[in-house]
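Peer 1: Handing you a structure now.
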Number of protein chains: 12
Amino acid sequence: MPVEKVLVLHGPNLNLLGSREPDVYGEFTLDEINNELKKRGKSLDIEVDCHQSNHEGALIDHIHDSTENYRGILINPAALTHYSYALRDALIASGLPLVEIHLTNVFAREPFRHHSVVSPIADGLIYGLGLDSYLLGLEALVNIIKKS
Amino acid sequence: MPVEKVLVLHGPNLNLLGSREPDVYGEFTLDEINNELKKRGKSLDIEVDCHQSNHEGALIDHIHDSTENYRGILINPAALTHYSYALRDALIASGLPLVEIHLTNVFAREPFRHHSVVSPIADGLIYGLGLDSYLLGLEALVNIIKKS
Amino acid sequence: MPVEKVLVLHGPNLNLLGSREPDVYGEFTLDEINNELKKRGKSLDIEVDCHQSNHEGALIDHIHDSTENYRGILINPAALTHYSYALRDALIASGLPLVEIHLTNVFAREPFRHHSVVSPIADGLIYGLGLDSYLLGLEALVNIIKKS
Amino acid sequence: MPVEKVLVLHGPNLNLLGSREPDVYGEFTLDEINNELKKRGKSLDIEVDCHQSNHEGALIDHIHDSTENYRGILINPAALTHYSYALRDALIASGLPLVEIHLTNVFAREPFRHHSVVSPIADGLIYGLGLDSYLLGLEALVNIIKKS
Amino acid sequence: MPVEKVLVLHGPNLNLLGSREPDVYGEFTLDEINNELKKRGKSLDIEVDCHQSNHEGALIDHIHDSTENYRGILINPAALTHYSYALRDALIASGLPLVEIHLTNVFAREPFRHHSVVSPIADGLIYGLGLDSYLLGLEALVNIIKKS
Amino acid sequence: MPVEKVLVLHGPNLNLLGSREPDVYGEFTLDEINNELKKRGKSLDIEVDCHQSNHEGALIDHIHDSTENYRGILINPAALTHYSYALRDALIASGLPLVEIHLTNVFAREPFRHHSVVSPIADGLIYGLGLDSYLLGLEALVNIIKKS
Amino acid sequence: MPVEKVLVLHGPNLNLLGSREPDVYGEFTLDEINNELKKRGKSLDIEVDCHQSNHEGALIDHIHDSTENYRGILINPAALTHYSYALRDALIASGLPLVEIHLTNVFAREPFRHHSVVSPIADGLIYGLGLDSYLLGLEALVNIIKKS
Amino acid sequence: MPVEKVLVLHGPNLNLLGSREPDVYGEFTLDEINNELKKRGKSLDIEVDCHQSNHEGALIDHIHDSTENYRGILINPAALTHYSYALRDALIASGLPLVEIHLTNVFAREPFRHHSVVSPIADGLIYGLGLDSYLLGLEALVNIIKKS
Amino acid sequence: MPVEKVLVLHGPNLNLLGSREPDVYGEFTLDEINNELKKRGKSLDIEVDCHQSNHEGALIDHIHDSTENYRGILINPAALTHYSYALRDALIASGLPLVEIHLTNVFAREPFRHHSVVSPIADGLIYGLGLDSYLLGLEALVNIIKKS
Amino acid sequence: MPVEKVLVLHGPNLNLLGSREPDVYGEFTLDEINNELKKRGKSLDIEVDCHQSNHEGALIDHIHDSTENYRGILINPAALTHYSYALRDALIASGLPLVEIHLTNVFAREPFRHHSVVSPIADGLIYGLGLDSYLLGLEALVNIIKKS
Amino acid sequence: MPVEKVLVLHGPNLNLLGSREPDVYGEFTLDEINNELKKRGKSLDIEVDCHQSNHEGALIDHIHDSTENYRGILINPAALTHYSYALRDALIASGLPLVEIHLTNVFAREPFRHHSVVSPIADGLIYGLGLDSYLLGLEALVNIIKKS
Amino acid sequence: MPVEKVLVLHGPNLNLLGSREPDVYGEFTLDEINNELKKRGKSLDIEVDCHQSNHEGALIDHIHDSTENYRGILINPAALTHYSYALRDALIASGLPLVEIHLTNVFAREPFRHHSVVSPIADGLIYGLGLDSYLLGLEALVNIIKKS
């Protein structure tokens, strides 16, 4: 029975996954991704909590709550990636291991997507692998936690 | 009796219209603008719903709800114009015709107002015409909808 | 019977409208646009004169002549938008209300098209609406004249 | 008995003060800072209201309410300093005297912290003095109010 | 007897060739270059028309006329190379094969000469070879026409 | 009786002097300036020819004709200052002494006016002195001619 | 028995792994990494070939040979990441699925390491996870191959 | 009787205070400011020495002498703020607590005033508060000294 | 007998005129230039005082003294042109008419010489005319004084 | 029988011509191009040696050897175009006439391809003409050799 | 008899010294420089090994071998100075004292030569002194070794 | 007995050597460095005069006096390195051989220290070698003098 937990955070618009530009972001819905993450978590002997919000402030509130309850954070900051220094500061303040993931390879898209305000403070980055970005990101995060 | 609807979104601080720097933004209150828009909508045979929020996340939530209920979006993103890639992504995801308007001519103001993260994804842009930015914007949006 | 007049100026290459890249610029010929403008002008109780030139100097000469004869200028500067400070200076010198329009949304095209040397001195801007850019631009211009 | 009031606003993540990177931001909790501010306010014959939020929109709502109720604003915009043009527009719209403070000297930290979208519209700036940034900022604000 | 024709356009100041800075631009006059081009055209079984103008507008008028009468354009835009987006738009609109040539190697000269607004829309570029830039450019243009 | 001649060239919009923004450009008409130049020329024992055009190409044609007939050029390129590399090339090709003048101090105006494509090839520059920019510019030009 | 093969390429200086700045790059030798990759490959039912070179040209030669023999490429381009457009062109030419990995989080290091000329053409990117960058990268690559 | 001393340094042109652009810099003369500082110093139980110079070298000489005699430095570097790396190096070398102040909010003025070569090495910054910049700056400096 | 006086200031290294790079700066010594200026001043009915210094601070001290004693300033700031904001502030503070001159055409020299921190605050600029820069500059300054 | 020789150098990845992205680079193999070059060389009475390498160092070695044996160099530096200053220095050191060619019009492709470190030192440039870039480049080179 | 050894590395094209642009790089051949270095080494009681290569990879291989055998590296990276991050990483990995030299003063040459990717990691830099750059560089290196 | 002399100049704050940040600038005092320089000068058969000043103007005065009395200049401009174009112009005007030295490797420090306004006009540069920067710089200077 797992006792450790990690927090998975999904940024703005990710609630639309599956219907929003499926040729760009893939055919999985957010629920399906969350289920896959929980399943993979189980196989890695860790519990996975998932939250999505379109509100920067709500994501920050979640991160503030995480320090007590989680061992690490897996985040897809979506469009907040490119400007939310408030999110960045919250993640630093959590003091937790951090893996940043993106479904797409942001460097193959518009120039504004090439810059992440989160990446300099993450432990690891996984971009462009669709559902695998999440699943391998979880695996990486668990390995970091185990080593720490 | 109109059956089609369009969504009008007003960004942060636009609730202050009429009292906030009237020499810059004009003497109309937001209620007056909304009334004019509904009246013009009636003459164009379309129903007009108006929402204002100071919360980026709340605007995004509204846009997510719009895909089902509206035929197009008329948006004055206000200060979010210059940095809210989350808003931009929500508008793309809606798949709806989009007209971006500003009350003032942003190119005659501070340099940071010259750049819009929304404009590259809009169908049409109307800037600098005060109340007319909204009314002509509505007219333009209805024409786009009719042609589509 | 209308007694007020406005000047509509079309910049270089706009004489080719209808045949030039119709998927970009639309299927209307310049004559058809001018006719629509005159018709709309009539309904707005204003006379509309239209001129096109591929010569920057000829456009400037026209603007110089306009101060006496017109109440406002509606201009599509076409490619001169991006570098003709001489055109800009002529428009300032005219002292007339000014609306700048473009058939296409320039911000969705090549980077060099994102910068307009005319926009900071215009009263209003309408981009991306095809024929509607002209017609709504005329409407906006007439409203500005009425208020002044 | 004081009858005048000023508003103190704390931006995202400042609720963590005392626990978050204490070597960077100091050992005081936000409650302690607020108490010191109220005490100093009393000695300056002014009432001090304090609010913190991780939500840009909530801070803007507070500012909108302040015009009626307060004589000035003391703000530590935290990470919103660097991108929230919506916050900036709200502060301008309030028409109130404004002092912007930071606990740390932002110019001695990462380059992205060197740019403030708020500072050009503030009356005064106090950076790098920890608790003193707040207390001297309050003193400065009260002096501005007295002179106005 | 050739029935196909190509248009050769020479931009501003090229009428001075032979006398203007001969150490930079060579000792050939424009007439001599035009004669060489016609001669080479004859050997390639194509008729060559040559025009020079110091007026951007006149060059554009020529290009507009060319769509009907010519199979391709060889252009030395001279100083217009660096800023005439109007010329660029005219050349695109012609829909004809295009070779841009320069007598000198512009990359070995002043920095402002390194940027061409025409080169991204040309089929081929030949720089720095003096009279050979024209003659080989004609040969290249004819080959493109033959293949199309 | 003077036998030497210099050419004075006025760029676009300068025909409007006296009426165009007199608080910026002064109250003299172009005719009055030309008369003052001829008078001053007489006192300096040199004949002065003056031309104004709104057409870049016409100014270039004039410069081409000047090599034979003039000993020097005094030019106020007006807005062409900022982009007309074709004018610059024509002036170099003339091989004549050159003084560039502006009525206003361009460095105290909009940023785009701070850059001149002509100034690097001029012998002397006189800016900001109104009519005196022309008259002292003529004096400077005559002195250069006398020394050469 | 596996019949499919993937190519793992290690760029300059990676032969030093284990001894070179172990606090930056980790304590594993390249041989140990290669062994882990082969072992993981076996569990994924794919054969893994590994090559390291300090010569850009030798890496390109290897890639040219890979089209015939491999189903995908996993590459750590090391310092070539930042300038080797030749490597990039070779990888494009291979037409094979591509995962780019780095042992460290390059965005937390010197600015020149933030730019990769390879990343825009990769399918997936995994940075900052030490040995896991390689192992998860292999897993990701195999999944891409299986889906294609 | 105070035994501790701090050094107040005023940069170039500050000797003109009171007469120089009083609408920008205020109506106080430098003598009045110095008197206020000494008075406030007395109330804070610290002696205050004040020096002004228009010579960068003289200011540096003063700073060199300060290490022995002072416990901290309060500096208004005036225009040297923007380029005097020599002043910066002298201040670092002093090893003393440092508060940099400006009478005006430099971020609301010309762009060249937005950059300070001193601010990255100061302990605290106070800008835009006129005389209060000095007085609160002194208070801040004394608090830093007391804590050290 | 003249009663009005103007101040002529020469910046660093101008004491070397005549011997320092005479092919760049001309063959006149500073004494000869000063004599020519006094002679020309006499003919213009104004007294001319001349000072040179290699010390920025000494030039500023001179400007401070000038407000009482002079009607205008003619300055060749030499290398201080490019960075001395302290000099600029002193010149603004003087409140006197100002003409900035240079012996050479700075725009035809190294890029760092193209930027003047003084020019935006001068009334007039004369560059590139050697001794005539001074003499015509004096004439211009006297004309400004007469008109004021 | 020809006795003069020229060297043709092909940079990295050009050995793949014909198979690599044929829609970009054409259908000719490198062998076919070399044969065409030799044939054209024969008709121009010059011998043509061709070398390709993926190794920058090997290309430099070839250039070093060329000074003795060849009269000129025709080079397609491929991706090395954009960064190999070592190649550039080798080509300068050879002292031989140089023509740089590209199969494609690099200015119509990714921005990094717009900059060539070789072009400022070449005699002539031919871009975008496929096989004709090579053949006309050879013709140009032979003409340069004949004239020298 | 010396027992300590240092490695001298010469980058691409330095094998041509003496014949390549002798007015730029001097009249010494590489053999002569190497002999002078060995002689100077003898007088400094250290053995000197010299290698030159046009292959970045070969230089890196040499550096890898050096950790065991040498006490320090003296390098003239030639054109690799400006882009070879692979060379830089190899030099860091060696952990040896490093002096970077250039025969010429790179800051007096083309802009691209002003940037060195090696200089930030070197202990000392000697530029512009021809043979003395090498000899004094050796002396400096030996002194660093002696002190370490 | 030496009859030739060289001038050694030390810029601002170098009088503090030995006490100022010894971990950065070393433990030698300026007197000790000067003594070492005089001793090394004696062994090189040249007399060495040393001056330090915190005043840019005083350094310039010294350089002006040097043309008559010295055969070369060795300078450590300290912080003036980064902005003193006046110092640069004085050094050019001296016409003497020039070696610029720095105690530290400026390229391993803050970005503003990477740019020297002096280096483009120096004959040689020696950075990062502490006392050896001075001593080897003197040796290099003497060798330049001997060769001239």
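By convention here, the chains of the structure tokens are called A, B, ... in the order presented, each chain's residues are numbered starting at 1, and ligands are numbered starting at 1 in the order presented.
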Using DSSP on the backbone coordinates, identify the residues of stretch 49-95 of chain H assigned to strand (DSSP E); present them as a list in words.

Peer 2: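 The residues of stretch 49-95 of chain H classed as strand (DSSP E) are Asp49, Cys50, His51, Gln52, Ile73, Leu74, Ile75 and Asn76 of chain H.
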
Peer 1: As a JSON list (two decimals) with all heavy atoms, in the first residue's frame, please: the residues near L:Leu103 (cut-off 10 Å, only C-alpha atoms, same-chain neighbours under 2 positions excluded).

Peer 2:
```json
[["chain", "number", "residue", "atom", "x", "y", "z"],
["K", 124, "GLY", "N", 44.83, 33.00, -17.89],
["K", 124, "GLY", "CA", 45.38, 34.25, -18.40],
["K", 124, "GLY", "C", 45.22, 34.35, -19.90],
["K", 124, "GLY", "O", 45.05, 33.35, -20.59],
["L", 24, "VAL", "N", 40.28, 38.81, -4.98],
["L", 24, "VAL", "CA", 40.09, 39.12, -6.39],
["L", 24, "VAL", "C", 41.35, 39.70, -7.02],
["L", 24, "VAL", "O", 41.79, 39.26, -8.07],
["L", 24, "VAL", "CB", 38.91, 40.12, -6.59],
["L", 24, "VAL", "CG1", 38.76, 40.48, -8.07],
["L", 24, "VAL", "CG2", 37.63, 39.55, -6.03],
["L", 25, "TYR", "N", 41.93, 40.70, -6.35],
["L", 25, "TYR", "CA", 43.01, 41.47, -6.98],
["L", 25, "TYR", "C", 44.41, 41.11, -6.50],
["L", 25, "TYR", "O", 45.39, 41.66, -6.97],
["L", 25, "TYR", "CB", 42.76, 42.96, -6.76],
["L", 25, "TYR", "CG", 41.50, 43.45, -7.43],
["L", 25, "TYR", "CD1", 40.34, 43.69, -6.70],
["L", 25, "TYR", "CD2", 41.47, 43.64, -8.82],
["L", 25, "TYR", "CE1", 39.18, 44.12, -7.32],
["L", 25, "TYR", "CE2", 40.31, 44.07, -9.44],
["L", 25, "TYR", "CZ", 39.16, 44.30, -8.68],
["L", 25, "TYR", "OH", 38.02, 44.71, -9.30],
["L", 26, "GLY", "N", 44.53, 40.20, -5.56],
["L", 26, "GLY", "CA", 45.86, 39.78, -5.11],
["L", 26, "GLY", "C", 46.32, 40.54, -3.88],
["L", 26, "GLY", "O", 45.70, 41.51, -3.46],
["L", 76, "ASN", "N", 46.91, 50.04, -16.87],
["L", 76, "ASN", "CA", 45.81, 49.27, -16.28],
["L", 76, "ASN", "C", 44.71, 50.29, -16.02],
["L", 76, "ASN", "O", 44.72, 50.97, -14.99],
["L", 76, "ASN", "CB", 46.23, 48.60, -14.97],
["L", 76, "ASN", "CG", 45.08, 47.86, -14.32],
["L", 76, "ASN", "OD1", 43.92, 48.01, -14.73],
["L", 76, "ASN", "ND2", 45.38, 47.06, -13.30],
["L", 78, "ALA", "N", 41.78, 50.10, -15.11],
["L", 78, "ALA", "CA", 40.81, 49.75, -14.07],
["L", 78, "ALA", "C", 39.39, 50.00, -14.58],
["L", 78, "ALA", "O", 39.11, 49.74, -15.75],
["L", 78, "ALA", "CB", 41.10, 50.50, -12.78],
["L", 101, "ILE", "N", 46.79, 46.17, -19.59],
["L", 101, "ILE", "CA", 46.81, 44.96, -18.77],
["L", 101, "ILE", "C", 45.69, 45.03, -17.72],
["L", 101, "ILE", "O", 45.21, 46.11, -17.36],
["L", 101, "ILE", "CB", 48.17, 44.76, -18.07],
["L", 101, "ILE", "CG1", 48.37, 45.80, -16.97],
["L", 101, "ILE", "CG2", 49.34, 44.80, -19.04],
["L", 101, "ILE", "CD1", 48.20, 45.24, -15.60],
["L", 105, "ASN", "N", 41.15, 38.13, -15.02],
["L", 105, "ASN", "CA", 40.59, 37.77, -16.32],
["L", 105, "ASN", "C", 39.18, 38.36, -16.36],
["L", 105, "ASN", "O", 38.23, 37.77, -15.84],
["L", 105, "ASN", "CB", 40.54, 36.25, -16.48],
["L", 105, "ASN", "CG", 39.86, 35.85, -17.78],
["L", 105, "ASN", "OD1", 39.37, 36.70, -18.53],
["L", 105, "ASN", "ND2", 39.82, 34.55, -18.05],
["L", 106, "VAL", "N", 39.02, 39.50, -17.02],
["L", 106, "VAL", "CA", 37.74, 40.22, -17.01],
["L", 106, "VAL", "C", 36.62, 39.39, -17.62],
["L", 106, "VAL", "O", 35.44, 39.60, -17.31],
["L", 106, "VAL", "CB", 37.87, 41.58, -17.75],
["L", 106, "VAL", "CG1", 38.77, 42.51, -16.96],
["L", 106, "VAL", "CG2", 38.37, 41.38, -19.17],
["L", 126, "ILE", "N", 47.27, 41.92, -21.96],
["L", 126, "ILE", "CA", 47.60, 40.82, -21.05],
["L", 126, "ILE", "C", 46.66, 40.89, -19.86],
["L", 126, "ILE", "O", 46.66, 41.87, -19.12],
["L", 126, "ILE", "CB", 49.07, 40.89, -20.59],
["L", 126, "ILE", "CG1", 49.99, 40.89, -21.81],
["L", 126, "ILE", "CG2", 49.39, 39.71, -19.67],
["L", 126, "ILE", "CD1", 51.48, 40.77, -21.49],
["L", 127, "TYR", "N", 45.85, 39.84, -19.70],
["L", 127, "TYR", "CA", 44.79, 39.85, -18.69],
["L", 127, "TYR", "C", 44.90, 38.62, -17.80],
["L", 127, "TYR", "O", 45.19, 37.52, -18.28],
["L", 127, "TYR", "CB", 43.41, 39.77, -19.34],
["L", 127, "TYR", "CG", 42.95, 40.91, -20.18],
["L", 127, "TYR", "CD1", 43.74, 42.02, -20.45],
["L", 127, "TYR", "CD2", 41.66, 40.88, -20.75],
["L", 127, "TYR", "CE1", 43.26, 43.07, -21.25],
["L", 127, "TYR", "CE2", 41.18, 41.92, -21.54],
["L", 127, "TYR", "CZ", 41.99, 43.01, -21.79],
["L", 127, "TYR", "OH", 41.53, 44.03, -22.58],
["L", 128, "GLY", "N", 44.62, 38.81, -16.52],
["L", 128, "GLY", "CA", 44.35, 37.67, -15.64],
["L", 128, "GLY", "C", 45.54, 37.09, -14.92],
["L", 128, "GLY", "O", 45.40, 36.10, -14.22],
["L", 129, "LEU", "N", 46.72, 37.71, -15.06],
["L", 129, "LEU", "CA", 47.93, 37.07, -14.54],
["L", 129, "LEU", "C", 48.48, 37.76, -13.30],
["L", 129, "LEU", "O", 49.63, 37.54, -12.90],
["L", 129, "LEU", "CB", 49.00, 37.04, -15.64],
["L", 129, "LEU", "CG", 48.61, 36.21, -16.87],
["L", 129, "LEU", "CD1", 49.56, 36.47, -18.02],
["L", 129, "LEU", "CD2", 48.57, 34.73, -16.51],
["L", 130, "GLY", "N", 47.66, 38.61, -12.67],
["L", 130, "GLY", "CA", 48.11, 39.27, -11.45],
["L", 130, "GLY", "C", 49.35, 40.11, -11.70],
["L", 130, "GLY", "O", 49.45, 40.79, -12.73],
["L", 131, "LEU", "N", 50.31, 40.05, -10.79],
["L", 131, "LEU", "CA", 51.55, 40.81, -10.95],
["L", 131, "LEU", "C", 52.19, 40.51, -12.30],
["L", 131, "LEU", "O", 52.77, 41.41, -12.95],
["L", 131, "LEU", "CB", 52.51, 40.42, -9.81],
["L", 131, "LEU", "CG", 53.91, 41.03, -9.86],
["L", 131, "LEU", "CD1", 53.87, 42.54, -9.86],
["L", 131, "LEU", "CD2", 54.76, 40.52, -8.70],
["L", 132, "ASP", "N", 52.11, 39.28, -12.77],
["L", 132, "ASP", "CA", 52.69, 38.92, -14.07],
["L", 132, "ASP", "C", 52.06, 39.71, -15.21],
["L", 132, "ASP", "O", 52.71, 39.92, -16.24],
["L", 132, "ASP", "CB", 52.54, 37.42, -14.33],
["L", 132, "ASP", "CG", 53.85, 36.68, -14.11],
["L", 132, "ASP", "OD1", 54.80, 37.30, -13.61],
["L", 132, "ASP", "OD2", 53.90, 35.48, -14.42],
["L", 133, "SER", "N", 50.78, 40.12, -15.10],
["L", 133, "SER", "CA", 50.21, 40.96, -16.14],
["L", 133, "SER", "C", 51.06, 42.21, -16.32],
["L", 133, "SER", "O", 51.36, 42.63, -17.44],
["L", 133, "SER", "CB", 48.77, 41.37, -15.78],
["L", 133, "SER", "OG", 47.89, 40.28, -15.91],
["L", 134, "TYR", "N", 51.47, 42.81, -15.20],
["L", 134, "TYR", "CA", 52.32, 44.00, -15.28],
["L", 134, "TYR", "C", 53.72, 43.68, -15.81],
["L", 134, "TYR", "O", 54.22, 44.34, -16.71],
["L", 134, "TYR", "CB", 52.46, 44.64, -13.89],
["L", 134, "TYR", "CG", 51.30, 45.51, -13.48],
["L", 134, "TYR", "CD1", 50.38, 45.08, -12.54],
["L", 134, "TYR", "CD2", 51.14, 46.80, -14.02],
["L", 134, "TYR", "CE1", 49.33, 45.89, -12.14],
["L", 134, "TYR", "CE2", 50.09, 47.62, -13.61],
["L", 134, "TYR", "CZ", 49.18, 47.16, -12.67],
["L", 134, "TYR", "OH", 48.15, 47.97, -12.27]]
```

Peer 1: Considering only C-alpha atoms, return as a PyMOL selection string whatever protein or nucleic-acid residues lie within 10 Å of I:Gly57, sequence-local ones (same chain, fewer than 3 positions apart) excluded.

Peer 2: (chain H and resi 12-13+53-58) or (chain I and resi 53-54+60-63+86-87) or (chain L and resi 55-57)

Peer 1: Now that the selection is made, can you save its residues with N, CA, C and O atoms as a compact mmCIF listing (two decimals), in the first residue's frame?

Peer 2:
```txt
# COMPACT_ATOMS: atom_id res chain seq x y z
N PRO H 12 27.46 64.86 -8.91
CA PRO H 12 27.51 66.08 -9.72
C PRO H 12 26.18 66.83 -9.83
O PRO H 12 25.11 66.19 -9.93
N ASN H 13 26.26 68.14 -9.82
CA ASN H 13 25.14 69.06 -10.03
C ASN H 13 24.19 69.17 -8.84
O ASN H 13 23.31 70.03 -8.86
N SER H 53 30.47 66.71 -4.72
CA SER H 53 31.49 67.07 -5.70
C SER H 53 30.97 66.82 -7.11
O SER H 53 30.17 65.91 -7.33
N ASN H 54 31.44 67.64 -8.03
CA ASN H 54 31.16 67.42 -9.45
C ASN H 54 32.23 66.55 -10.09
O ASN H 54 32.16 66.27 -11.28
N HIS H 55 33.25 66.14 -9.30
CA HIS H 55 34.38 65.38 -9.82
C HIS H 55 34.29 63.93 -9.36
O HIS H 55 34.38 63.65 -8.16
N GLU H 56 34.14 63.01 -10.29
CA GLU H 56 34.11 61.58 -9.97
C GLU H 56 35.31 61.21 -9.12
O GLU H 56 35.18 60.50 -8.11
N GLY H 57 36.48 61.68 -9.48
CA GLY H 57 37.70 61.33 -8.77
C GLY H 57 37.66 61.80 -7.32
O GLY H 57 38.13 61.09 -6.41
N ALA H 58 37.10 62.98 -7.08
CA ALA H 58 37.04 63.50 -5.71
C ALA H 58 36.09 62.66 -4.87
O ALA H 58 36.36 62.41 -3.68
N SER I 53 39.20 71.82 -20.76
CA SER I 53 39.66 70.99 -19.64
C SER I 53 39.56 69.53 -20.01
O SER I 53 38.69 69.12 -20.78
N ASN I 54 40.49 68.75 -19.44
CA ASN I 54 40.42 67.29 -19.57
C ASN I 54 39.63 66.67 -18.44
O ASN I 54 39.49 65.44 -18.39
N ILE I 60 32.04 70.95 -15.63
CA ILE I 60 30.76 71.13 -14.94
C ILE I 60 30.83 72.36 -14.04
O ILE I 60 29.90 73.18 -14.01
N ASP I 61 31.93 72.51 -13.30
CA ASP I 61 32.09 73.71 -12.46
C ASP I 61 31.95 74.98 -13.30
O ASP I 61 31.26 75.92 -12.91
N HIS I 62 32.58 75.00 -14.46
CA HIS I 62 32.49 76.16 -15.37
C HIS I 62 31.05 76.43 -15.79
O HIS I 62 30.61 77.58 -15.85
N ILE I 63 30.33 75.37 -16.10
CA ILE I 63 28.94 75.56 -16.54
C ILE I 63 28.10 76.11 -15.40
O ILE I 63 27.27 77.00 -15.60
N ALA I 86 26.62 63.54 -16.60
CA ALA I 86 26.82 64.61 -15.62
C ALA I 86 26.95 65.96 -16.36
O ALA I 86 26.39 66.98 -15.94
N LEU I 87 27.69 65.96 -17.45
CA LEU I 87 27.82 67.16 -18.28
C LEU I 87 26.44 67.56 -18.81
O LEU I 87 26.07 68.73 -18.80
N HIS L 55 41.34 60.12 -10.83
CA HIS L 55 40.74 61.18 -11.66
C HIS L 55 41.05 60.92 -13.13
O HIS L 55 42.21 60.97 -13.53
N GLU L 56 40.02 60.66 -13.92
CA GLU L 56 40.18 60.48 -15.37
C GLU L 56 41.00 61.64 -15.95
O GLU L 56 41.92 61.44 -16.74
N GLY L 57 40.66 62.85 -15.56
CA GLY L 57 41.34 64.02 -16.13
C GLY L 57 42.83 64.03 -15.81
O GLY L 57 43.64 64.41 -16.67
```

Peer 1: Near chain G, which residues of chain A fall within 12 Å when you count only C-alpha atoms, and what do they look like as a ChimeraX atom specification?

Peer 2: /A:97-111,113-144,147

Peer 1: Just list as a list in words whatever in stretch 51-96 of chain E DSSP marks as alpha helix (DSSP H).

Peer 2: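 Alpha helix (DSSP H) members of stretch 51-96 of chain E, listed: Glu56, Gly57, Ala58, Leu59, Ile60, Asp61, His62, Ile63, His64, Asp65, Ser66, Thr67, Glu68, Asn69, Tyr85, Ala86, Leu87, Arg88, Asp89, Ala90, Leu91, Ile92, Ala93 and Ser94 of chain E.
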
Peer 1: If you measure from atom CA of C:Ser84 to atom CA of C:Leu59, what distance in Å do you get, rounded to one decimal?

Peer 2: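 Spanning atom CA of C:Ser84 to atom CA of C:Leu59 is a straight-line distance of 10.9 Å.
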
Peer 1: Residues at most 9 Å from J:Val8, counting only C-alpha atoms, excluding those fewer than 3 positions away in the same chain, as a list in words?

Peer 2: Asn34, Leu37, Val48, Asp49, Cys50, His51, Gln52, Gly72, Ile73, Leu74, Ile75, Asn76 and Leu138 of chain J

Peer 1: Distance atom CA of C:Ser94-atom CA of C:Glu47, one decimal place?

Peer 2: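 Computing it gives 18.6 Å between the two atoms.
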
Peer 1: Within 9 Å of B:Glu21, counting only C-alpha atoms, which residues show up once you throw out same-chain ones fewer than 6 positions away? Write them as an MDAnalysis selection string, please.

Peer 2: (chainID B and resid 27) or (chainID D and resid 92:93 95)
